[in-house]
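J.: Right, I'll just put the structure down here and ask away after.
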Amino acid sequence: MKDVNDGKPWTEMDVRGLMAALRVGETIEEAAQHLWRSGTIDDVRRKAEELGLKYKSRGWRRSSIDGA
């Protein structure tokens, strides 16, 4: 299902929101929903990895650092 911000360029506010959501322990799916990007969760994952952020997804943690 397409969401409001799916496919739109990332703003500084989006990046800050993603960082804050993951910092407090939200899953990548929850963060995508709060950013109105729930239809493009893979884009949210890529952005998190691009920024070197660790995240949880269905009970496990990934990051670009651990080669996932």
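Chain identifiers are assigned as A, B, and so on, following the order in which chains appear in the structure tokens; residues are numbered from 1 within each chain, and ligands are numbered from 1 in order of appearance.
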Would you pick out the contacts of A:Val4 at 10 Å or less, using only C-alpha atoms, so that residues sharing its chain but fewer than 5 positions from it are not included, and give the list as a ChimeraX atom specification?
T.: /A:35-39
J.: Could you please take those selected residues and save N, CA and C atoms as a PDB file, in the first residue's frame?
T.:
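Output saved as selection.pdb:
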```pdb
ATOM      1  N   LEU A  35       7.251   7.657   9.537  1.00  0.00           N
ATOM      2  CA  LEU A  35       7.763   8.581   8.525  1.00  0.00           C
ATOM      3  C   LEU A  35       6.854   8.647   7.299  1.00  0.00           C
ATOM      4  N   TRP A  36       5.715   7.969   7.356  1.00  0.00           N
ATOM      5  CA  TRP A  36       4.785   7.904   6.226  1.00  0.00           C
ATOM      6  C   TRP A  36       5.453   7.311   5.000  1.00  0.00           C
ATOM      7  N   ARG A  37       6.286   6.273   5.227  1.00  0.00           N
ATOM      8  CA  ARG A  37       6.990   5.585   4.150  1.00  0.00           C
ATOM      9  C   ARG A  37       6.781   4.074   4.261  1.00  0.00           C
ATOM     10  N   SER A  38       5.634   3.663   4.773  1.00  0.00           N
ATOM     11  CA  SER A  38       5.404   2.243   5.032  1.00  0.00           C
ATOM     12  C   SER A  38       5.279   1.410   3.764  1.00  0.00           C
ATOM     13  N   GLY A  39       5.051   2.025   2.624  1.00  0.00           N
ATOM     14  CA  GLY A  39       4.988   1.290   1.371  1.00  0.00           C
ATOM     15  C   GLY A  39       6.353   1.055   0.749  1.00  0.00           C
TER      16      GLY A  39
END
```
J.: Could you find all residues in chain A that DSSP calls strand (DSSP E) from the backbone, and write them as a list of chain:residue names?
T.: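 Selection result, strand (DSSP E) within chain A: A:Tyr55, A:Lys56, A:Ser57, A:Trp60, A:Arg61, A:Arg62.
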J.: From the DSSP assignment of the backbone, select every residue of stretch 16-66 of chain A that is helix (DSSP H, G or I), and format the answer as a PyMOL selection string.
T.: chain A and resi 16-23+28-34+38-50
J.: Would you mind exporting the chosen residues as a PDB file, in the first residue's frame, restricted to C-alpha atoms?
T.:
```
ATOM      1  CA  ARG A  16      16.332  13.042  12.095  1.00  0.00           C
ATOM      2  CA  GLY A  17      13.023  11.225  12.543  1.00  0.00           C
ATOM      3  CA  LEU A  18      14.547   7.956  11.373  1.00  0.00           C
ATOM      4  CA  MET A  19      17.522   8.353  13.698  1.00  0.00           C
ATOM      5  CA  ALA A  20      15.279   9.181  16.667  1.00  0.00           C
ATOM      6  CA  ALA A  21      12.896   6.295  15.992  1.00  0.00           C
ATOM      7  CA  LEU A  22      15.694   3.746  15.810  1.00  0.00           C
ATOM      8  CA  ARG A  23      17.475   5.242  18.816  1.00  0.00           C
ATOM      9  CA  ILE A  28      12.485  -0.446  10.915  1.00  0.00           C
ATOM     10  CA  GLU A  29       8.853  -1.158  10.022  1.00  0.00           C
ATOM     11  CA  GLU A  30       7.574   1.087  12.836  1.00  0.00           C
ATOM     12  CA  ALA A  31       9.981   3.842  11.824  1.00  0.00           C
ATOM     13  CA  ALA A  32       8.779   3.598   8.210  1.00  0.00           C
ATOM     14  CA  GLN A  33       5.188   3.912   9.367  1.00  0.00           C
ATOM     15  CA  HIS A  34       5.938   7.010  11.474  1.00  0.00           C
ATOM     16  CA  SER A  38       5.404   2.243   5.032  1.00  0.00           C
ATOM     17  CA  GLY A  39       4.988   1.290   1.371  1.00  0.00           C
ATOM     18  CA  THR A  40       8.746   1.551   0.779  1.00  0.00           C
ATOM     19  CA  ILE A  41      10.262  -0.145   3.830  1.00  0.00           C
ATOM     20  CA  ASP A  42      13.231  -1.282   1.713  1.00  0.00           C
ATOM     21  CA  ASP A  43      14.037   2.394   1.020  1.00  0.00           C
ATOM     22  CA  VAL A  44      13.932   3.088   4.759  1.00  0.00           C
ATOM     23  CA  ARG A  45      16.260   0.114   5.368  1.00  0.00           C
ATOM     24  CA  ARG A  46      18.661   1.407   2.709  1.00  0.00           C
ATOM     25  CA  LYS A  47      18.669   4.884   4.258  1.00  0.00           C
ATOM     26  CA  ALA A  48      19.383   3.440   7.714  1.00  0.00           C
ATOM     27  CA  GLU A  49      22.233   1.375   6.303  1.00  0.00           C
ATOM     28  CA  GLU A  50      23.567   4.353   4.336  1.00  0.00           C
TER      29      GLU A  50
END
```
J.: Using Å and a single decimal, report how far atom CA of A:Glu12 sits from atom CA of A:Leu53.
T.: 15.5 Å
J.: By how many Å are atom CA of A:Glu26 and atom CA of A:Thr11 apart?
T.: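 One can read the atom CA of A:Glu26 to atom CA of A:Thr11 distance as 19.8 Å.
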J.: For the atom pair atom CA of A:Lys54 and atom CA of A:Thr27, what is the interatomic distance in Å to one decimal place?
T.: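 Going from atom CA of A:Lys54 over to atom CA of A:Thr27, I get 9.9 Å.
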